[in-house]
file input-v1.tsv (TSV, N, CA, C and O atoms)
chain	number	residue	atom	x	y	z
A	119	THR	N	-6.18	1.07	8.60
A	119	THR	CA	-5.90	2.42	9.06
A	119	THR	C	-4.51	2.45	9.71
A	119	THR	O	-4.22	1.62	10.57
A	120	LEU	N	-3.69	3.38	9.29
A	120	LEU	CA	-2.36	3.57	9.86
A	120	LEU	C	-2.36	4.87	10.67
A	120	LEU	O	-2.82	5.89	10.17
A	121	THR	N	-1.85	4.79	11.90
A	121	THR	CA	-1.79	5.95	12.79
A	121	THR	C	-0.37	6.10	13.32
A	121	THR	O	0.51	5.29	13.01
A	122	GLU	N	-0.15	7.10	14.16
A	122	GLU	CA	1.16	7.29	14.78
A	122	GLU	C	1.55	6.10	15.63
A	122	GLU	O	2.73	5.85	15.85
A	123	GLU	N	0.57	5.35	16.12
A	123	GLU	CA	0.85	4.17	16.95
A	123	GLU	C	1.14	2.93	16.11
A	123	GLU	O	1.54	1.90	16.64
A	124	SER	N	0.95	3.01	14.79
A	124	SER	CA	1.18	1.85	13.92
A	124	SER	C	2.65	1.50	13.87
A	124	SER	O	3.52	2.38	13.91
A	125	ASP	N	2.92	0.22	13.78
A	125	ASP	CA	4.29	-0.24	13.62
A	125	ASP	C	4.79	0.13	12.23
A	125	ASP	O	4.01	0.28	11.30
A	126	VAL	N	6.10	0.25	12.11
A	126	VAL	CA	6.69	0.45	10.80
A	126	VAL	C	6.53	-0.87	10.05
A	126	VAL	O	6.82	-1.94	10.59
A	127	PHE	N	6.04	-0.80	8.84
A	127	PHE	CA	5.75	-2.02	8.09
A	127	PHE	C	6.93	-2.43	7.24
A	127	PHE	O	7.50	-1.61	6.54
A	128	PRO	N	7.26	-3.71	7.31
A	128	PRO	CA	8.25	-4.22	6.36
A	128	PRO	C	7.57	-4.36	5.00
A	128	PRO	O	6.37	-4.19	4.89
A	129	THR	N	8.35	-4.69	4.00
A	129	THR	CA	7.72	-4.96	2.71
A	129	THR	C	7.14	-6.37	2.72
A	129	THR	O	7.59	-7.23	3.46
A	130	PHE	N	6.13	-6.55	1.90
A	130	PHE	CA	5.45	-7.84	1.79
A	130	PHE	C	5.69	-8.39	0.39
A	130	PHE	O	5.94	-7.64	-0.54
A	131	GLN	N	5.54	-9.68	0.24
A	131	GLN	CA	5.56	-10.35	-1.05
A	131	GLN	C	4.62	-11.54	-0.95
A	131	GLN	O	4.69	-12.29	0.03
A	132	HIS	N	3.75	-11.70	-1.92
A	132	HIS	CA	2.84	-12.84	-1.94
A	132	HIS	C	2.28	-13.00	-3.34
A	132	HIS	O	2.44	-12.12	-4.19
A	133	ASP	N	1.64	-14.11	-3.58
A	133	ASP	CA	1.03	-14.35	-4.89
A	133	ASP	C	-0.14	-13.40	-5.11
A	133	ASP	O	-0.71	-12.85	-4.15
A	134	GLY	N	-0.50	-13.23	-6.36
A	134	GLY	CA	-1.71	-12.50	-6.70
A	134	GLY	C	-1.49	-11.09	-7.21
A	134	GLY	O	-0.37	-10.63	-7.39
A	135	THR	N	-2.61	-10.43	-7.43
A	135	THR	CA	-2.66	-9.03	-7.85
A	135	THR	C	-3.33	-8.25	-6.74
A	135	THR	O	-4.31	-8.71	-6.15
A	136	GLU	N	-2.80	-7.08	-6.43
A	136	GLU	CA	-3.34	-6.28	-5.32
A	136	GLU	C	-3.79	-4.91	-5.84
A	136	GLU	O	-3.14	-4.32	-6.70
A	137	LEU	N	-4.88	-4.44	-5.28
A	137	LEU	CA	-5.42	-3.12	-5.58
A	137	LEU	C	-5.47	-2.33	-4.28
A	137	LEU	O	-5.99	-2.83	-3.27
A	138	LEU	N	-4.93	-1.12	-4.28
A	138	LEU	CA	-5.06	-0.20	-3.15
A	138	LEU	C	-5.92	0.97	-3.58
A	138	LEU	O	-5.79	1.46	-4.71
A	139	TYR	N	-6.78	1.44	-2.69
A	139	TYR	CA	-7.58	2.64	-2.94
A	139	TYR	C	-7.48	3.50	-1.69
A	139	TYR	O	-7.91	3.09	-0.61
A	140	MET	N	-6.92	4.70	-1.84
A	140	MET	CA	-6.70	5.60	-0.70
A	140	MET	C	-8.00	6.30	-0.31
A	140	MET	O	-8.68	6.88	-1.15
A	141	LEU	N	-8.29	6.25	0.99
A	141	LEU	CA	-9.47	6.91	1.53
A	141	LEU	C	-9.14	8.20	2.27
A	141	LEU	O	-9.89	9.17	2.21
A	142	GLU	N	-8.01	8.20	2.99
A	142	GLU	CA	-7.66	9.33	3.86
A	142	GLU	C	-6.16	9.33	4.09
A	142	GLU	O	-5.52	8.29	4.08
A	143	GLY	N	-5.58	10.51	4.30
A	143	GLY	CA	-4.16	10.63	4.58
A	143	GLY	C	-3.32	10.52	3.32
A	143	GLY	O	-3.83	10.58	2.20
A	144	GLU	N	-2.01	10.37	3.52
A	144	GLU	CA	-1.07	10.24	2.41
A	144	GLU	C	0.04	9.28	2.80
A	144	GLU	O	0.54	9.33	3.92
A	145	VAL	N	0.40	8.41	1.88
A	145	VAL	CA	1.52	7.50	2.08
A	145	VAL	C	2.37	7.46	0.83
A	145	VAL	O	1.90	7.70	-0.28
A	146	THR	N	3.64	7.18	1.02
A	146	THR	CA	4.51	6.85	-0.09
A	146	THR	C	4.62	5.34	-0.07
A	146	THR	O	5.08	4.76	0.92
A	147	TYR	N	4.15	4.72	-1.13
A	147	TYR	CA	4.03	3.26	-1.19
A	147	TYR	C	5.07	2.69	-2.14
A	147	TYR	O	5.25	3.18	-3.24
A	148	ARG	N	5.78	1.67	-1.65
A	148	ARG	CA	6.82	1.03	-2.46
A	148	ARG	C	6.25	-0.17	-3.20
A	148	ARG	O	5.52	-0.97	-2.64
A	149	HIS	N	6.63	-0.28	-4.47
A	149	HIS	CA	6.41	-1.51	-5.24
A	149	HIS	C	7.70	-1.79	-5.99
A	149	HIS	O	8.08	-1.02	-6.89
A	150	GLY	N	8.40	-2.84	-5.59
A	150	GLY	CA	9.72	-3.12	-6.19
A	150	GLY	C	10.66	-1.96	-5.93
A	150	GLY	O	10.84	-1.56	-4.78
A	151	ASP	N	11.22	-1.39	-6.98
A	151	ASP	CA	12.14	-0.25	-6.81
A	151	ASP	C	11.47	1.09	-7.10
A	151	ASP	O	12.15	2.10	-7.22
A	152	GLN	N	10.13	1.09	-7.20
A	152	GLN	CA	9.40	2.34	-7.47
A	152	GLN	C	8.65	2.80	-6.23
A	152	GLN	O	8.20	1.99	-5.42
A	153	LEU	N	8.53	4.13	-6.10
A	153	LEU	CA	7.77	4.75	-5.00
A	153	LEU	C	6.61	5.54	-5.59
A	153	LEU	O	6.78	6.24	-6.59
A	154	PHE	N	5.44	5.43	-4.95
A	154	PHE	CA	4.24	6.13	-5.41
A	154	PHE	C	3.66	6.93	-4.24
A	154	PHE	O	3.40	6.37	-3.18
A	155	HIS	N	3.49	8.23	-4.45
A	155	HIS	CA	2.87	9.09	-3.43
A	155	HIS	C	1.35	9.02	-3.63
A	155	HIS	O	0.84	9.46	-4.66
A	156	LEU	N	0.66	8.43	-2.66
A	156	LEU	CA	-0.77	8.20	-2.78
A	156	LEU	C	-1.55	9.12	-1.86
A	156	LEU	O	-1.22	9.27	-0.68
A	157	ARG	N	-2.60	9.74	-2.43
A	157	ARG	CA	-3.50	10.65	-1.70
A	157	ARG	C	-4.92	10.12	-1.83
A	157	ARG	O	-5.19	9.26	-2.66
A	158	PRO	N	-5.87	10.67	-1.06
A	158	PRO	CA	-7.26	10.21	-1.16
A	158	PRO	C	-7.76	10.25	-2.60
A	158	PRO	O	-7.53	11.22	-3.32
A	159	GLY	N	-8.40	9.15	-3.01
A	159	GLY	CA	-8.91	9.03	-4.37
A	159	GLY	C	-7.95	8.33	-5.31
A	159	GLY	O	-8.36	7.89	-6.39
A	160	ASP	N	-6.67	8.21	-4.93
A	160	ASP	CA	-5.70	7.52	-5.77
A	160	ASP	C	-5.86	6.01	-5.63
A	160	ASP	O	-6.26	5.50	-4.57
A	161	SER	N	-5.52	5.29	-6.69
A	161	SER	CA	-5.51	3.83	-6.62
A	161	SER	C	-4.23	3.32	-7.26
A	161	SER	O	-3.59	4.02	-8.05
A	162	LEU	N	-3.86	2.11	-6.88
A	162	LEU	CA	-2.65	1.48	-7.39
A	162	LEU	C	-2.95	0.00	-7.50
A	162	LEU	O	-3.43	-0.61	-6.55
A	163	ILE	N	-2.71	-0.58	-8.66
A	163	ILE	CA	-2.87	-2.02	-8.86
A	163	ILE	C	-1.53	-2.58	-9.30
A	163	ILE	O	-0.84	-1.95	-10.11
A	164	PHE	N	-1.14	-3.74	-8.73
A	164	PHE	CA	0.20	-4.25	-9.01
A	164	PHE	C	0.28	-5.75	-8.76
A	164	PHE	O	-0.56	-6.33	-8.08
A	165	ASP	N	1.33	-6.34	-9.31
A	165	ASP	CA	1.68	-7.73	-9.08
A	165	ASP	C	2.25	-7.82	-7.67
A	165	ASP	O	3.28	-7.22	-7.36
A	166	ALA	N	1.59	-8.59	-6.81
A	166	ALA	CA	1.98	-8.65	-5.40
A	166	ALA	C	3.22	-9.50	-5.16
A	166	ALA	O	3.70	-9.58	-4.02
A	167	ASP	N	3.75	-10.11	-6.20
A	167	ASP	CA	4.94	-10.94	-6.07
A	167	ASP	C	6.19	-10.08	-5.83
A	167	ASP	O	7.19	-10.56	-5.31
A	168	ALA	N	6.15	-8.81	-6.21
A	168	ALA	CA	7.28	-7.90	-5.97
A	168	ALA	C	7.18	-7.35	-4.54
A	168	ALA	O	6.08	-7.21	-4.00
A	169	PRO	N	8.31	-7.03	-3.90
A	169	PRO	CA	8.25	-6.44	-2.56
A	169	PRO	C	7.43	-5.15	-2.59
A	169	PRO	O	7.61	-4.31	-3.47
A	170	HIS	N	6.53	-5.01	-1.61
A	170	HIS	CA	5.67	-3.82	-1.58
A	170	HIS	C	5.23	-3.52	-0.16
A	170	HIS	O	5.23	-4.39	0.70
A	171	GLY	N	4.85	-2.27	0.06
A	171	GLY	CA	4.35	-1.84	1.35
A	171	GLY	C	4.51	-0.35	1.53
A	171	GLY	O	5.21	0.31	0.76
A	172	PRO	N	3.85	0.20	2.58
A	172	PRO	CA	3.97	1.63	2.85
A	172	PRO	C	5.40	1.97	3.30
A	172	PRO	O	5.89	1.41	4.26
A	173	GLU	N	6.05	2.84	2.56
A	173	GLU	CA	7.43	3.22	2.83
A	173	GLU	C	7.50	4.42	3.79
A	173	GLU	O	8.31	4.43	4.71
A	174	VAL	N	6.65	5.43	3.54
A	174	VAL	CA	6.62	6.63	4.37
A	174	VAL	C	5.16	6.96	4.66
A	174	VAL	O	4.33	6.97	3.75
A	175	LEU	N	4.87	7.21	5.93
A	175	LEU	CA	3.52	7.63	6.33
A	175	LEU	C	3.53	9.16	6.35
A	175	LEU	O	3.92	9.77	7.34
A	176	ASN	N	3.12	9.78	5.25
A	176	ASN	CA	3.26	11.22	5.08
A	176	ASN	C	2.24	12.03	5.87
A	176	ASN	O	2.58	13.08	6.42
A	177	LYS	N	0.99	11.58	5.88
A	177	LYS	CA	-0.08	12.32	6.56
A	177	LYS	C	-1.01	11.30	7.22
A	177	LYS	O	-1.61	10.47	6.54
A	178	LEU	N	-1.08	11.38	8.54
A	178	LEU	CA	-1.86	10.41	9.30
A	178	LEU	C	-3.11	11.04	9.89
A	178	LEU	O	-3.13	12.25	10.12
A	179	PRO	N	-4.14	10.27	10.15
A	179	PRO	CA	-4.21	8.84	9.87
A	179	PRO	C	-4.32	8.59	8.38
A	179	PRO	O	-4.80	9.43	7.63
A	180	ALA	N	-3.82	7.46	7.95
A	180	ALA	CA	-3.91	7.05	6.55
A	180	ALA	C	-4.79	5.80	6.49
A	180	ALA	O	-4.54	4.83	7.19
A	181	ARG	N	-5.83	5.86	5.67
A	181	ARG	CA	-6.72	4.71	5.51
A	181	ARG	C	-6.79	4.35	4.04
A	181	ARG	O	-6.95	5.22	3.19
A	182	TYR	N	-6.65	3.07	3.78
A	182	TYR	CA	-6.81	2.59	2.41
A	182	TYR	C	-7.43	1.21	2.41
A	182	TYR	O	-7.33	0.46	3.37
A	183	VAL	N	-8.10	0.90	1.32
A	183	VAL	CA	-8.67	-0.41	1.11
A	183	VAL	C	-7.67	-1.21	0.29
A	183	VAL	O	-7.12	-0.70	-0.69
A	184	SER	N	-7.41	-2.43	0.71
A	184	SER	CA	-6.52	-3.34	-0.02
A	184	SER	C	-7.32	-4.56	-0.43
A	184	SER	O	-7.91	-5.23	0.43
A	185	VAL	N	-7.37	-4.84	-1.73
A	185	VAL	CA	-8.07	-6.01	-2.26
A	185	VAL	C	-7.04	-6.88	-2.97
A	185	VAL	O	-6.32	-6.40	-3.84
A	186	ILE	N	-6.99	-8.15	-2.59
A	186	ILE	CA	-6.03	-9.07	-3.19
A	186	ILE	C	-6.79	-10.17	-3.93
A	186	ILE	O	-7.68	-10.80	-3.38
A	187	ALA	N	-6.41	-10.37	-5.20
A	187	ALA	CA	-6.98	-11.46	-6.00
A	187	ALA	C	-5.86	-12.50	-6.16
A	187	ALA	O	-4.83	-12.24	-6.77
A	188	TYR	N	-6.09	-13.68	-5.56
A	188	TYR	CA	-5.10	-14.76	-5.64
A	188	TYR	C	-5.34	-15.59	-6.89
A	188	TYR	O	-6.49	-15.75	-7.32
A	189	PRO	N	-4.27	-16.15	-7.47
A	189	PRO	CA	-4.43	-16.98	-8.66
A	189	PRO	C	-5.28	-18.21	-8.35
A	189	PRO	O	-5.19	-18.76	-7.26
A	190	GLN	N	-6.09	-18.62	-9.31
A	190	GLN	CA	-6.90	-19.83	-9.16
A	190	GLN	C	-6.10	-21.03	-9.66
A	190	GLN	O	-5.34	-20.91	-10.62
A	191	SER	N	-6.27	-22.16	-9.01
A	191	SER	CA	-5.54	-23.36	-9.43
A	191	SER	C	-6.25	-24.06	-10.57
A	191	SER	O	-7.36	-23.85	-10.88
call {"tool": "encode", "arguments": {"input": "input-v1.tsv", "output": "structure tokens"}}
result
Amino acid sequence: TLTEESDVFPTFQHDGTELLYMLEGEVTYRHGDQLFHLRPGDSLIFDADAPHGPEVLNKLPARYVSVIAYPQS
């Protein structure tokens, strides 16, 4: 959950594939050089190796589920 008290998030990079599912609020989410405006009910799946993270917190509170699948060795 992101609120007005939440810190500004830097971008993240890590192994795996990530899925976001928006529950509440609105965010503009960065993946690499692309921006995605996400609203409740929207989902986004991406390669987590590219820089990613919430770029703009458009409507707060914003809640989303993040599921990360890491590569198996």
call {"tool": "closest_residue", "arguments": {"input": "input-v1.tsv", "among": "A:Thr146, A:Thr121, A:Thr135, A:Thr129", "to": "Pro169 in chain A", "atoms": "all atoms listed in the file"}}
result
A:Thr129
call {"tool": "closest_residue", "arguments": {"input": "input-v1.tsv", "among": "A:Asp160, A:Asp133, A:Gly171, A:Glu123", "to": "Arg148 in chain A", "atoms": "only N, CA, C and O atoms"}}
result
A:Gly171
call {"tool": "residues_around", "arguments": {"input": "input-v1.tsv", "residues": "Phe130 in chain A", "least_positions_apart": "3", "cutoff": "8 Å", "atoms": "all atoms listed in the file", "output": "ChimeraX atom specification"}}
result
/A:127,148-150,165-172
call {"tool": "axis_aligned_box", "arguments": {"input": "input-v1.tsv", "around": "range 131-150 of chain A", "padding_each_side": "3 Å", "output": "lines of an AutoDock Vina configuration file"}}
result
center_x = 0.5
center_y = -1.9
center_z = -1.6
size_x = 26.7
size_y = 31.0
size_z = 18.4
call {"tool": "residues_around", "arguments": {"input": "input-v1.tsv", "residues": "Arg181 in chain A", "least_positions_apart": "5", "cutoff": "4.5 Å", "atoms": "all atoms listed in the file", "output": "MDAnalysis selection string"}}
result
chainID A and resid 119 139:142
call {"tool": "closest_residue", "arguments": {"input": "input-v1.tsv", "among": "A:Arg157, A:Leu138, A:Gln131, A:Leu120", "to": "Ala180 in chain A", "atoms": "only N, CA, C and O atoms"}}
result
A:Leu120
call {"tool": "atom_distance", "arguments": {"input": "input-v1.tsv", "atom1": "atom O of Asp125 in chain A", "atom2": "atom N of Glu144 in chain A"}}
result
14.1 Å
call {"tool": "closest_residue", "arguments": {"input": "input-v1.tsv", "among": "A:Tyr182, A:Phe164, A:Ser191, A:Val174", "to": "Gly134 in chain A", "atoms": "all atoms listed in the file"}}
result
A:Phe164
call {"tool": "atom_distance", "arguments": {"input": "input-v1.tsv", "atom1": "atom C of Leu178 in chain A", "atom2": "atom N of Glu122 in chain A"}}
result
6.5 Å
call {"tool": "select_by_dssp", "arguments": {"input": "input-v1.tsv", "residues": "chain A", "states": "strand (DSSP E or B)", "output": "PyMOL selection string"}}
result
chain A and resi 120+130+135-149+152-156+161-165+170-187
call {"tool": "closest_residue", "arguments": {"input": "input-v1.tsv", "among": "A:Leu137, A:Pro179, A:His132, A:Glu173", "to": "Leu153 in chain A", "atoms": "all atoms listed in the file"}}
result
A:Glu173
call {"tool": "atom_distance", "arguments": {"input": "input-v1.tsv", "atom1": "CA of Asn176 in chain A", "atom2": "atom O of Asp151 in chain A"}}
result
17.7 Å
call {"tool": "closest_residue", "arguments": {"input": "input-v1.tsv", "among": "A:Pro158, A:Gln190, A:Ser124, A:Val183", "to": "Val145 in chain A", "atoms": "all atoms listed in the file"}}
result
A:Pro158
